[in-house]
$ cat protein.tsv   # TSV, C-alpha atoms
chain	number	residue	atom	x	y	z
A	1184	MET	CA	163.20	152.66	-109.79
A	1185	THR	CA	159.42	152.94	-110.26
A	1186	VAL	CA	157.70	155.45	-107.96
A	1187	PRO	CA	154.75	153.85	-106.10
A	1188	ALA	CA	151.29	155.19	-106.93
A	1189	LEU	CA	150.91	155.72	-103.17
A	1190	SER	CA	153.56	155.61	-100.47
A	1191	VAL	CA	152.50	155.96	-96.82
A	1192	GLN	CA	155.15	156.12	-94.10
A	1193	GLY	CA	154.50	156.46	-90.37
A	1194	LEU	CA	150.99	157.89	-90.79
A	1195	THR	CA	149.67	158.91	-87.37
A	1196	THR	CA	146.20	160.42	-86.84
A	1197	HIS	CA	144.97	161.38	-83.39
A	1198	PHE	CA	141.66	162.73	-82.09
A	1199	PHE	CA	142.05	165.21	-79.25
A	1200	THR	CA	138.94	164.80	-77.09
A	1201	ARG	CA	137.99	165.92	-73.58
A	1202	ALA	CA	138.45	162.35	-72.41
A	1203	GLY	CA	141.97	162.16	-73.82
A	1204	VAL	CA	143.88	161.47	-77.03
A	1205	VAL	CA	142.44	158.76	-79.28
A	1206	LYS	CA	145.27	157.19	-81.28
A	1207	ALA	CA	143.09	156.11	-84.19
A	1208	VAL	CA	145.99	155.57	-86.61
A	1209	ASP	CA	149.42	154.91	-85.13
A	1210	GLY	CA	152.41	154.66	-87.45
A	1211	VAL	CA	150.83	153.04	-90.52
A	1212	SER	CA	153.18	152.39	-93.47
A	1213	PHE	CA	152.69	150.72	-96.85
A	1214	ASP	CA	153.38	151.16	-100.56
A	1215	LEU	CA	150.89	150.63	-103.37
A	1216	ALA	CA	151.98	150.07	-106.97
A	1217	GLN	CA	150.03	151.08	-110.07
A	1218	GLY	CA	147.08	148.72	-110.63
A	1219	GLU	CA	147.66	146.96	-107.31
A	1220	ILE	CA	144.76	146.17	-104.96
A	1221	MET	CA	145.45	146.09	-101.22
A	1222	GLY	CA	142.92	144.84	-98.70
A	1223	LEU	CA	142.87	146.67	-95.35
A	1224	VAL	CA	141.10	144.43	-92.84
A	1225	GLY	CA	140.35	144.33	-89.13
A	1226	GLU	CA	137.56	144.55	-86.57
A	1227	SER	CA	135.41	147.66	-86.18
A	1228	GLY	CA	137.40	150.38	-84.42
A	1229	SER	CA	140.77	149.18	-85.65
A	1230	GLY	CA	141.46	152.40	-87.58
A	1231	LYS	CA	140.74	151.29	-91.15
A	1232	THR	CA	138.28	154.04	-92.10
A	1233	VAL	CA	140.28	156.79	-90.38
A	1234	THR	CA	143.31	155.63	-92.38
A	1235	GLY	CA	141.30	156.02	-95.58
A	1236	PHE	CA	139.99	159.46	-94.57
A	1237	SER	CA	143.52	160.55	-93.63
A	1238	LEU	CA	144.81	159.68	-97.10
A	1239	LEU	CA	142.32	162.10	-98.68
A	1240	GLY	CA	142.65	164.81	-96.02
A	1241	LEU	CA	139.08	164.28	-94.82
A	1242	VAL	CA	139.74	164.06	-91.07
A	1243	ASP	CA	137.77	166.79	-89.30
A	1244	PRO	CA	138.59	168.38	-85.89
A	1245	PRO	CA	139.19	167.30	-83.20
A	1246	GLY	CA	141.16	164.84	-85.33
A	1247	ARG	CA	144.30	165.64	-87.29
A	1248	ILE	CA	147.34	164.00	-88.84
A	1249	VAL	CA	150.14	164.58	-86.32
A	1250	GLU	CA	152.95	162.73	-88.07
A	1251	GLY	CA	153.88	160.80	-91.18
A	1252	SER	CA	154.12	161.06	-94.94
A	1253	ILE	CA	151.59	160.45	-97.73
A	1254	LYS	CA	153.08	160.57	-101.23
A	1255	LEU	CA	150.81	160.34	-104.26
A	1256	ASN	CA	152.93	159.63	-107.36
A	1257	GLY	CA	155.85	161.20	-105.52
A	1258	THR	CA	153.97	164.34	-104.36
A	1259	GLU	CA	153.75	164.87	-100.59
A	1260	LEU	CA	150.09	165.45	-99.65
A	1261	THR	CA	150.43	166.29	-95.96
A	1262	THR	CA	152.15	169.63	-96.68
A	1263	LEU	CA	149.74	170.83	-99.39
A	1264	SER	CA	147.39	173.74	-98.77
A	1265	GLY	CA	143.67	173.04	-98.52
A	1266	SER	CA	143.00	174.28	-102.05
A	1267	ALA	CA	145.89	172.30	-103.53
A	1268	LEU	CA	144.69	169.14	-101.82
A	1269	ARG	CA	141.11	169.68	-103.04
A	1270	ALA	CA	142.44	170.01	-106.58
A	1271	ARG	CA	143.87	166.48	-106.32
A	1272	ARG	CA	141.03	164.90	-104.32
A	1273	GLY	CA	138.59	163.34	-106.76
A	1274	ARG	CA	140.97	163.77	-109.67
A	1275	GLU	CA	144.14	161.91	-108.59
A	1276	ILE	CA	142.91	160.16	-105.46
A	1277	SER	CA	139.25	159.30	-104.91
A	1278	MET	CA	137.03	157.46	-102.43
A	1279	ILE	CA	133.96	155.25	-102.51
A	1280	PHE	CA	132.02	155.61	-99.27
A	1281	GLN	CA	130.16	152.84	-97.49
A	1282	ASP	CA	126.62	154.21	-97.94
A	1283	PRO	CA	125.92	155.64	-101.43
A	1284	ILE	CA	122.45	156.91	-100.49
A	1285	ALA	CA	124.13	159.24	-97.97
A	1286	THR	CA	126.58	160.61	-100.55
A	1287	LEU	CA	124.28	161.02	-103.56
A	1288	ASN	CA	122.10	164.15	-103.70
A	1289	PRO	CA	118.42	163.09	-103.85
A	1290	LEU	CA	117.44	166.35	-105.59
A	1291	LEU	CA	119.75	165.93	-108.59
A	1292	THR	CA	119.71	163.35	-111.35
A	1293	ILE	CA	122.64	160.96	-111.64
A	1294	GLY	CA	123.75	162.77	-114.79
A	1295	GLN	CA	123.73	166.16	-113.08
A	1296	GLN	CA	125.80	164.85	-110.18
A	1297	MET	CA	128.34	163.20	-112.47
A	1298	GLN	CA	128.69	166.33	-114.60
A	1299	LEU	CA	129.21	168.48	-111.48
A	1300	ALA	CA	132.01	166.11	-110.45
A	1301	ILE	CA	133.62	166.54	-113.88
A	1302	ALA	CA	133.25	170.34	-113.80
A	1303	ALA	CA	135.02	170.48	-110.42
A	1304	HIS	CA	138.32	169.47	-112.04
A	1305	GLU	CA	138.20	170.09	-115.78
A	1306	ARG	CA	136.36	171.94	-118.50
A	1307	LEU	CA	134.45	169.71	-120.87
A	1308	GLY	CA	131.71	170.49	-123.31
A	1309	LYS	CA	128.26	169.19	-122.47
A	1310	ARG	CA	128.40	166.52	-125.17
A	1311	ALA	CA	131.85	165.29	-124.10
A	1312	ALA	CA	130.82	165.22	-120.43
A	1313	LEU	CA	127.68	163.27	-121.27
A	1314	ALA	CA	129.72	160.79	-123.28
A	1315	ARG	CA	132.13	160.23	-120.40
A	1316	CYS	CA	129.29	159.74	-117.90
A	1317	THR	CA	127.62	157.23	-120.20
A	1318	GLU	CA	130.90	155.39	-120.71
A	1319	LEU	CA	131.57	155.08	-116.96
A	1320	LEU	CA	128.04	153.88	-116.12
A	1321	THR	CA	128.35	151.26	-118.85
A	1322	GLN	CA	131.77	150.26	-117.55
A	1323	VAL	CA	130.41	149.54	-114.06
A	1324	GLY	CA	127.60	147.41	-115.47
A	1325	ILE	CA	124.55	149.71	-115.56
A	1326	PRO	CA	122.34	148.89	-118.58
A	1327	SER	CA	120.77	151.65	-120.73
A	1328	ALA	CA	123.35	154.00	-119.26
A	1329	GLU	CA	122.39	157.12	-121.21
A	1330	ALA	CA	118.75	156.84	-120.18
A	1331	ARG	CA	119.66	156.16	-116.52
A	1332	LEU	CA	121.57	159.44	-116.36
A	1333	ARG	CA	118.16	161.15	-116.23
A	1334	ALA	CA	117.07	159.10	-113.21
A	1335	TYR	CA	117.28	160.10	-109.53
A	1336	PRO	CA	119.09	158.08	-106.83
A	1337	HIS	CA	115.85	156.72	-105.33
A	1338	GLU	CA	115.05	155.10	-108.68
A	1339	PHE	CA	118.08	152.80	-108.34
A	1340	SER	CA	118.49	149.67	-106.22
A	1341	GLY	CA	121.19	149.56	-103.53
A	1342	GLY	CA	123.56	147.70	-105.81
A	1343	MET	CA	122.97	150.12	-108.69
A	1344	ARG	CA	123.53	153.14	-106.42
A	1345	GLN	CA	126.84	151.66	-105.35
A	1346	ARG	CA	127.81	151.21	-109.00
A	1347	VAL	CA	126.97	154.88	-109.58
A	1348	ALA	CA	129.21	155.84	-106.66
A	1349	ILE	CA	132.01	153.77	-108.16
A	1350	ALA	CA	131.48	155.42	-111.55
A	1351	ILE	CA	131.67	158.92	-110.01
A	1352	ALA	CA	134.89	157.96	-108.18
A	1353	LEU	CA	136.40	156.79	-111.48
A	1354	LEU	CA	135.36	159.81	-113.60
A	1355	HIS	CA	138.88	161.24	-113.71
A	1356	ARG	CA	140.69	157.86	-113.76
A	1357	PRO	CA	142.41	158.52	-110.41
A	1358	ALA	CA	145.80	157.02	-109.63
A	1359	VAL	CA	144.46	155.71	-106.29
A	1360	LEU	CA	140.96	154.69	-105.25
A	1361	VAL	CA	140.02	154.12	-101.59
A	1362	ALA	CA	136.91	151.95	-101.13
A	1363	ASP	CA	135.43	151.99	-97.61
A	1364	GLU	CA	133.39	148.79	-97.23
A	1365	PRO	CA	131.34	149.57	-100.36
A	1366	THR	CA	129.70	146.14	-100.61
A	1367	THR	CA	128.81	145.56	-96.94
A	1368	ALA	CA	125.07	146.22	-97.35
A	1369	LEU	CA	124.69	144.37	-100.66
A	1370	ASP	CA	123.50	140.82	-101.23
A	1371	VAL	CA	126.07	138.17	-102.12
A	1372	SER	CA	125.35	138.01	-105.87
A	1373	ILE	CA	125.61	141.80	-106.35
A	1374	GLN	CA	128.70	141.83	-104.15
A	1375	ALA	CA	130.39	139.23	-106.37
A	1376	GLN	CA	129.56	141.21	-109.51
A	1377	ILE	CA	131.04	144.43	-108.12
A	1378	LEU	CA	134.20	142.67	-106.92
A	1379	LEU	CA	134.71	141.19	-110.39
A	1380	GLN	CA	134.19	144.59	-112.02
A	1381	MET	CA	136.65	146.26	-109.65
A	1382	ARG	CA	139.34	143.71	-110.53
A	1383	GLU	CA	138.73	144.35	-114.23
A	1384	LEU	CA	138.75	148.14	-113.76
A	1385	ALA	CA	142.06	148.03	-111.89
A	1386	ALA	CA	143.57	145.96	-114.69
A	1387	GLU	CA	142.16	148.16	-117.47
A	1388	THR	CA	142.79	151.62	-115.98
A	1389	GLY	CA	145.88	151.00	-113.84
A	1390	THR	CA	144.13	152.53	-110.83
A	1391	ALA	CA	145.58	151.30	-107.53
A	1392	MET	CA	142.98	150.43	-104.90
A	1393	ILE	CA	142.70	150.15	-101.14
A	1394	TRP	CA	139.71	148.00	-100.23
A	1395	ILE	CA	138.69	148.55	-96.60
A	1396	SER	CA	136.65	145.77	-95.04
A	1397	HIS	CA	136.00	143.79	-91.88
A	1398	ASP	CA	135.20	140.75	-94.04
A	1399	LEU	CA	138.42	138.86	-94.68
A	1400	ALA	CA	136.70	136.37	-97.01
A	1401	VAL	CA	135.41	139.11	-99.33
A	1402	VAL	CA	138.61	141.13	-99.53
A	1403	SER	CA	140.82	138.07	-100.03
A	1404	SER	CA	138.99	137.30	-103.28
A	1405	LEU	CA	139.87	140.76	-104.62
A	1406	ALA	CA	143.16	141.95	-103.18
A	1407	THR	CA	146.65	140.95	-104.27
A	1408	LYS	CA	148.02	141.83	-100.83
A	1409	LEU	CA	146.56	142.30	-97.37
A	1410	ALA	CA	147.26	144.57	-94.42
A	1411	VAL	CA	145.69	143.58	-91.09
A	1412	MET	CA	144.97	146.42	-88.64
A	1413	TYR	CA	144.50	146.23	-84.89
A	1414	ALA	CA	144.26	149.16	-82.45
A	1415	GLY	CA	145.48	151.68	-85.00
A	1416	LYS	CA	148.49	149.70	-86.23
A	1417	ILE	CA	149.15	147.35	-89.12
A	1418	VAL	CA	150.07	144.15	-87.27
A	1419	GLU	CA	150.66	142.01	-90.37
A	1420	GLN	CA	150.92	142.53	-94.10
A	1421	GLY	CA	151.95	140.56	-97.15
A	1422	PRO	CA	150.78	138.83	-100.34
A	1423	THR	CA	147.21	137.57	-99.94
A	1424	ALA	CA	147.84	133.89	-100.69
A	1425	ALA	CA	150.89	133.65	-98.41
A	1426	LEU	CA	149.21	135.50	-95.54
A	1427	LEU	CA	146.07	133.35	-95.66
A	1428	ARG	CA	148.04	130.12	-95.98
A	1429	ASP	CA	150.58	130.90	-93.27
A	1430	PRO	CA	149.55	133.77	-90.95
A	1431	ARG	CA	152.25	134.93	-88.53
A	1432	HIS	CA	150.37	137.24	-86.15
A	1433	PRO	CA	147.99	135.50	-83.68
A	1434	TYR	CA	145.30	138.09	-84.48
A	1435	THR	CA	145.46	137.29	-88.19
A	1436	ALA	CA	145.35	133.58	-87.40
A	1437	GLY	CA	142.27	134.19	-85.24
A	1438	LEU	CA	140.49	136.11	-87.99
A	1439	ILE	CA	141.15	133.31	-90.49
A	1440	ALA	CA	140.08	130.60	-88.02
A	1441	SER	CA	136.78	132.43	-87.40
A	1442	LEU	CA	135.71	132.18	-91.05
A	1443	PRO	CA	132.74	129.81	-91.52
A	1444	ALA	CA	134.62	128.01	-94.31
A	1445	MET	CA	137.27	126.98	-91.77
A	1446	THR	CA	134.76	125.34	-89.42
A	1447	THR	CA	133.15	121.92	-89.67
A	1448	PRO	CA	129.40	122.28	-90.36
A	1449	GLY	CA	127.37	122.01	-87.17
A	1450	THR	CA	130.18	123.12	-84.84
A	1451	PRO	CA	130.45	126.57	-83.18
A	1452	LEU	CA	132.53	129.19	-84.95
A	1453	THR	CA	135.97	129.88	-83.55
A	1454	GLN	CA	136.14	133.17	-81.66
A	1455	ILE	CA	138.88	135.54	-80.58
A	1456	ARG	CA	138.31	135.96	-76.86
A	1457	GLY	CA	137.78	139.35	-75.32
A	1458	THR	CA	137.08	142.66	-77.05
A	1459	THR	CA	139.12	145.32	-78.80
A	1460	PRO	CA	140.75	147.74	-76.34
A	1461	SER	CA	139.72	151.36	-76.03
A	1462	LEU	CA	141.99	153.59	-78.09
A	1463	LEU	CA	141.90	156.02	-75.16
A	1464	SER	CA	143.62	153.56	-72.83
A	1465	LEU	CA	145.63	151.00	-74.74
A	1466	PRO	CA	147.49	148.37	-72.71
A	1467	PRO	CA	151.28	148.77	-72.46
A	1468	GLY	CA	153.28	146.93	-75.07
A	1469	CYS	CA	151.40	144.78	-77.58
A	1470	PRO	CA	147.74	145.90	-77.71
A	1471	PHE	CA	146.61	142.37	-78.62
A	1472	ALA	CA	148.36	140.75	-75.64
A	1473	PRO	CA	145.29	140.66	-73.29
A	1474	ARG	CA	143.41	138.56	-75.90
A	1475	CYS	CA	146.36	136.42	-77.01
A	1476	ASP	CA	146.99	132.81	-75.94
A	1477	LYS	CA	150.72	133.25	-76.64
A	1478	GLN	CA	151.19	136.19	-74.26
A	1479	THR	CA	154.40	136.25	-72.18
A	1480	GLU	CA	156.36	138.82	-70.18
A	1481	ALA	CA	158.00	139.98	-73.40
A	1482	CYS	CA	154.65	141.34	-74.59
A	1483	VAL	CA	154.79	144.30	-72.17
A	1484	GLN	CA	157.17	145.82	-74.75
A	1485	LYS	CA	155.93	147.18	-78.08
A	1486	PRO	CA	156.84	144.77	-80.87
A	1487	ALA	CA	158.63	146.25	-83.88
A	1488	MET	CA	157.75	145.21	-87.43
A	1489	THR	CA	159.63	142.02	-88.37
A	1490	LEU	CA	160.31	141.75	-92.10
A	1491	ASP	CA	160.65	138.62	-94.20
A	1492	GLY	CA	160.76	139.59	-97.88
A	1493	PRO	CA	157.39	141.11	-98.86
A	1494	ARG	CA	155.87	140.05	-95.53
A	1495	GLY	CA	155.90	141.76	-92.15
A	1496	TRP	CA	154.36	141.30	-88.70
A	1497	ARG	CA	154.44	142.79	-85.19
A	1498	CYS	CA	154.73	139.92	-82.71
A	1499	PHE	CA	157.30	138.46	-80.31
A	1500	HIS	CA	155.75	134.99	-80.68
A	1501	PRO	CA	154.65	134.63	-84.32
A	1502	VAL	CA	152.57	131.68	-85.41
A	1503	GLY	CA	154.60	129.10	-87.35
A	1504	GLN	CA	158.29	129.42	-88.11
A	1505	THR	CA	159.93	132.80	-87.57
A	1506	ALA	CA	162.22	134.54	-89.98
A	1507	GLY	CA	163.63	137.95	-90.67
A	1508	ALA	CA	164.75	140.58	-88.18
A	1509	PRO	CA	163.03	143.44	-86.37
A	1510	THR	CA	163.30	146.84	-88.02
$ encode --input "protein.tsv" --output "structure tokens"
Amino acid sequence: MTVPALSVQGLTTHFFTRAGVVKAVDGVSFDLAQGEIMGLVGESGSGKTVTGFSLLGLVDPPGRIVEGSIKLNGTELTTLSGSALRARRGREISMIFQDPIATLNPLLTIGQQMQLAIAAHERLGKRAALARCTELLTQVGIPSAEARLRAYPHEFSGGMRQRVAIAIALLHRPAVLVADEPTTALDVSIQAQILLQMRELAAETGTAMIWISHDLAVVSSLATKLAVMYAGKIVEQGPTAALLRDPRHPYTAGLIASLPAMTTPGTPLTQIRGTTPSLLSLPPGCPFAPRCDKQTEACVQKPAMTLDGPRGWRCFHPVGQTAGAPT
């Protein structure tokens, strides 16, 4: 049996604040195969970014992982020491952050920053390191790559800076790459180019990817499977085409219905009523129940994940025909 590139089971991350315990990630589970791209979608505050940070051990106090397992190519990450985890972060599992200008050092050239990233995990001669940097910049679509290594971040456009961030994340050909809304601030044409390049890179390198986004339309064009988060939990997951064609959770159905492409031109966009609940005071039972048109007395209980082949959802009253059994 093939070991997944990444296996996450029951991941739970809490923030212990003076106001109470914020259950940012609550029992998240999924597997990611080599070269597979998974979209992690949901509204702001649903726990997507904290899930990504938890995978790399980047959650700072007062937050911490309180439960669950994260296995990278079969190695448990949650029990590693800080130094052992740092040795894998960037080399075996890497992350692209949302704002590249905040992660690139304005005082160092792109080449210097890329070579520092290489030196953190392996010893390469200057010529070999330069060759790898040039290769990666070319791979992500930056022209005159060798010359651009001598440039500073402010000399690049927003789209080019994001490509540099992607290149740095791919320097060691990691097994897993977590991308936290890396195209949100880019125009549509640049966004489309980067999405195409990421698909090609996953196919060429075998790197598995988690693409975090609030934009269901963008991530559906890239990911082979989707996981929908709400109030710290994955409420539905499955193959992209099947989930978009036949959503089972009312929240997923609401997200799809709110897409402009699903609305007749000139008519108001469909909305999900209400707002996301505070993670400090979640309602009993299903957290989506106060916003759901299908709410009944059964929803005061917490729904378990119902499985139907590769698909799963947490709902007592799923949209469409029901199948499978709670687990």
$ residues_near_point --input "protein.tsv" --point "(129.9, 157.8, -101.8)" --cutoff "9 Å" --atoms "all atoms listed in the file" --output "short mmCIF file (atom, residue, chain, number, x, y, z; two decimals) with C-alpha atoms, keeping the file's coordinate frame"
data_model
loop_
_atom_site.label_atom_id
_atom_site.label_comp_id
_atom_site.auth_asym_id
_atom_site.auth_seq_id
_atom_site.Cartn_x
_atom_site.Cartn_y
_atom_site.Cartn_z
CA MET A 1278 137.03 157.46 -102.43
CA ILE A 1279 133.96 155.25 -102.51
CA PHE A 1280 132.02 155.61 -99.27
CA GLN A 1281 130.16 152.84 -97.49
CA ASP A 1282 126.62 154.21 -97.94
CA PRO A 1283 125.92 155.64 -101.43
CA ILE A 1284 122.45 156.91 -100.49
CA ALA A 1285 124.13 159.24 -97.97
CA THR A 1286 126.58 160.61 -100.55
CA LEU A 1287 124.28 161.02 -103.56
CA GLN A 1345 126.84 151.66 -105.35
CA VAL A 1347 126.97 154.88 -109.58
CA ALA A 1348 129.21 155.84 -106.66
CA ILE A 1349 132.01 153.77 -108.16
CA ILE A 1351 131.67 158.92 -110.01
CA ALA A 1352 134.89 157.96 -108.18
CA PRO A 1365 131.34 149.57 -100.36
#
$ closest_residue --input "protein.tsv" --among "A:Pro1289, A:Pro1357, A:Gly1265, A:Gly1324" --to "Met1343 of chain A" --atoms "all atoms listed in the file"
A:Gly1324
$ closest_atom_pairs --input "protein.tsv" --of "segment 1266-1362 of chain A" --to "segment 1384-1405 of chain A" --cutoff "9 Å" --atoms "all atoms listed in the file" --output "tab-separated table"
residue	atom	partner	partner_atom	distance
A:Gln1322	CA	A:Leu1384	CA	8.2
A:Val1323	CA	A:Leu1384	CA	8.5
A:Leu1353	CA	A:Thr1390	CA	8.9
A:Arg1356	CA	A:Thr1388	CA	6.9
A:Pro1357	CA	A:Thr1390	CA	6.2
A:Ala1358	CA	A:Thr1390	CA	4.9
A:Val1359	CA	A:Ala1391	CA	4.7
A:Leu1360	CA	A:Met1392	CA	4.7
A:Val1361	CA	A:Ile1393	CA	4.8
A:Ala1362	CA	A:Trp1394	CA	4.9
$ write_last_selection --input "protein.tsv" --atoms "C-alpha atoms" --output "mmCIF file, in the frame of the given file"
data_model
loop_
_atom_site.group_PDB
_atom_site.id
_atom_site.type_symbol
_atom_site.label_atom_id
_atom_site.label_comp_id
_atom_site.auth_asym_id
_atom_site.auth_seq_id
_atom_site.Cartn_x
_atom_site.Cartn_y
_atom_site.Cartn_z
ATOM 1 C CA GLN A 1322 131.770 150.260 -117.550
ATOM 2 C CA VAL A 1323 130.410 149.540 -114.060
ATOM 3 C CA LEU A 1353 136.400 156.790 -111.480
ATOM 4 C CA ARG A 1356 140.690 157.860 -113.760
ATOM 5 C CA PRO A 1357 142.410 158.520 -110.410
ATOM 6 C CA ALA A 1358 145.800 157.020 -109.630
ATOM 7 C CA VAL A 1359 144.460 155.710 -106.290
ATOM 8 C CA LEU A 1360 140.960 154.690 -105.250
ATOM 9 C CA VAL A 1361 140.020 154.120 -101.590
ATOM 10 C CA ALA A 1362 136.910 151.950 -101.130
#
$ closest_residue --input "protein.tsv" --among "A:His1304, A:His1500, A:Lys1206, A:Arg1315" --to "Ser1464 of chain A" --atoms "all atoms listed in the file"
A:Lys1206
$ residues_around --input "protein.tsv" --residues "Leu1291 of chain A" --least-positions-apart "3" --cutoff "12 Å" --atoms "all atoms listed in the file" --output "ChimeraX atom specification"
/A:1286-1288,1294-1299,1332-1338
$ atom_distance --input "protein.tsv" --atom1 "atom CA of Met1221 of chain A" --atom2 "atom CA of Gly1421 of chain A"
9.5 Å
$ atom_distance --input "protein.tsv" --atom1 "atom CA of Gly1235 of chain A" --atom2 "atom CA of His1355 of chain A"
19.0 Å
$ closest_residue --input "protein.tsv" --among "A:Leu1194, A:Ala1216, A:Val1211, A:Ala1314" --to "Leu1260 of chain A" --atoms "all atoms listed in the file"
A:Leu1194
$ atom_distance --input "protein.tsv" --atom1 "atom CA of Leu1313 of chain A" --atom2 "atom CA of Ile1373 of chain A"
26.2 Å
$ residues_near_point --input "protein.tsv" --point "(144.6, 132.1, -88.8)" --cutoff "12 Å" --atoms "only C-alpha atoms" --output "PyMOL selection string"
chain A and resi 1399+1411+1419+1425-1442+1445-1446+1453-1455+1501-1503
$ closest_residue --input "protein.tsv" --among "A:Leu1378, A:Ile1301, A:Val1191, A:Cys1475" --to "Gly1342 of chain A" --atoms "only C-alpha atoms"
A:Leu1378
$ closest_residue --input "protein.tsv" --among "A:Arg1274, A:Lys1416, A:Arg1474, A:Lys1231" --to "Arg1497 of chain A" --atoms "only C-alpha atoms"
A:Lys1416
$ closest_residue --input "protein.tsv" --among "A:Ile1220, A:Ala1270, A:Leu1463, A:Ala1188" --to "Glu1383 of chain A" --atoms "all atoms listed in the file"
A:Ile1220
$ build_atoms --input "protein.tsv" --residues "segment 1412-1427 of chain A" --atoms "N, CA and C atoms" --output "PDB file, in the coordinates of the input"
ATOM      1  N   MET A1412     144.854 145.360 -89.647  1.00  0.00           N
ATOM      2  CA  MET A1412     144.970 146.420 -88.640  1.00  0.00           C
ATOM      3  C   MET A1412     144.369 145.991 -87.305  1.00  0.00           C
ATOM      4  N   TYR A1413     145.016 146.461 -86.235  1.00  0.00           N
ATOM      5  CA  TYR A1413     144.500 146.230 -84.890  1.00  0.00           C
ATOM      6  C   TYR A1413     144.937 147.402 -84.017  1.00  0.00           C
ATOM      7  N   ALA A1414     143.980 148.052 -83.376  1.00  0.00           N
ATOM      8  CA  ALA A1414     144.260 149.160 -82.450  1.00  0.00           C
ATOM      9  C   ALA A1414     145.123 150.236 -83.087  1.00  0.00           C
ATOM     10  N   GLY A1415     144.803 150.577 -84.342  1.00  0.00           N
ATOM     11  CA  GLY A1415     145.480 151.680 -85.000  1.00  0.00           C
ATOM     12  C   GLY A1415     146.770 151.335 -85.711  1.00  0.00           C
ATOM     13  N   LYS A1416     147.235 150.103 -85.602  1.00  0.00           N
ATOM     14  CA  LYS A1416     148.490 149.700 -86.230  1.00  0.00           C
ATOM     15  C   LYS A1416     148.259 148.581 -87.237  1.00  0.00           C
ATOM     16  N   ILE A1417     149.118 148.526 -88.253  1.00  0.00           N
ATOM     17  CA  ILE A1417     149.150 147.350 -89.120  1.00  0.00           C
ATOM     18  C   ILE A1417     149.993 146.312 -88.400  1.00  0.00           C
ATOM     19  N   VAL A1418     149.364 145.184 -88.034  1.00  0.00           N
ATOM     20  CA  VAL A1418     150.070 144.150 -87.270  1.00  0.00           C
ATOM     21  C   VAL A1418     150.624 143.049 -88.172  1.00  0.00           C
ATOM     22  N   GLU A1419     150.108 142.965 -89.413  1.00  0.00           N
ATOM     23  CA  GLU A1419     150.660 142.010 -90.370  1.00  0.00           C
ATOM     24  C   GLU A1419     150.293 142.442 -91.773  1.00  0.00           C
ATOM     25  N   GLN A1420     151.209 142.242 -92.707  1.00  0.00           N
ATOM     26  CA  GLN A1420     150.920 142.530 -94.100  1.00  0.00           C
ATOM     27  C   GLN A1420     151.756 141.619 -94.991  1.00  0.00           C
ATOM     28  N   GLY A1421     151.234 141.401 -96.212  1.00  0.00           N
ATOM     29  CA  GLY A1421     151.950 140.560 -97.150  1.00  0.00           C
ATOM     30  C   GLY A1421     151.050 140.113 -98.281  1.00  0.00           C
ATOM     31  N   PRO A1422     151.592 139.344 -99.236  1.00  0.00           N
ATOM     32  CA  PRO A1422     150.780 138.830-100.340  1.00  0.00           C
ATOM     33  C   PRO A1422     149.601 138.028 -99.811  1.00  0.00           C
ATOM     34  N   THR A1423     148.448 138.180-100.445  1.00  0.00           N
ATOM     35  CA  THR A1423     147.210 137.570 -99.940  1.00  0.00           C
ATOM     36  C   THR A1423     147.338 136.067 -99.745  1.00  0.00           C
ATOM     37  N   ALA A1424     147.789 135.348-100.768  1.00  0.00           N
ATOM     38  CA  ALA A1424     147.840 133.890-100.690  1.00  0.00           C
ATOM     39  C   ALA A1424     148.754 133.430 -99.563  1.00  0.00           C
ATOM     40  N   ALA A1425     149.933 134.054 -99.440  1.00  0.00           N
ATOM     41  CA  ALA A1425     150.890 133.650 -98.410  1.00  0.00           C
ATOM     42  C   ALA A1425     150.357 133.950 -97.015  1.00  0.00           C
ATOM     43  N   LEU A1426     149.719 135.113 -96.855  1.00  0.00           N
ATOM     44  CA  LEU A1426     149.210 135.500 -95.540  1.00  0.00           C
ATOM     45  C   LEU A1426     148.070 134.588 -95.091  1.00  0.00           C
ATOM     46  N   LEU A1427     147.186 134.225 -96.021  1.00  0.00           N
ATOM     47  CA  LEU A1427     146.070 133.350 -95.660  1.00  0.00           C
ATOM     48  C   LEU A1427     146.541 131.928 -95.390  1.00  0.00           C
TER      49      LEU A1427
END
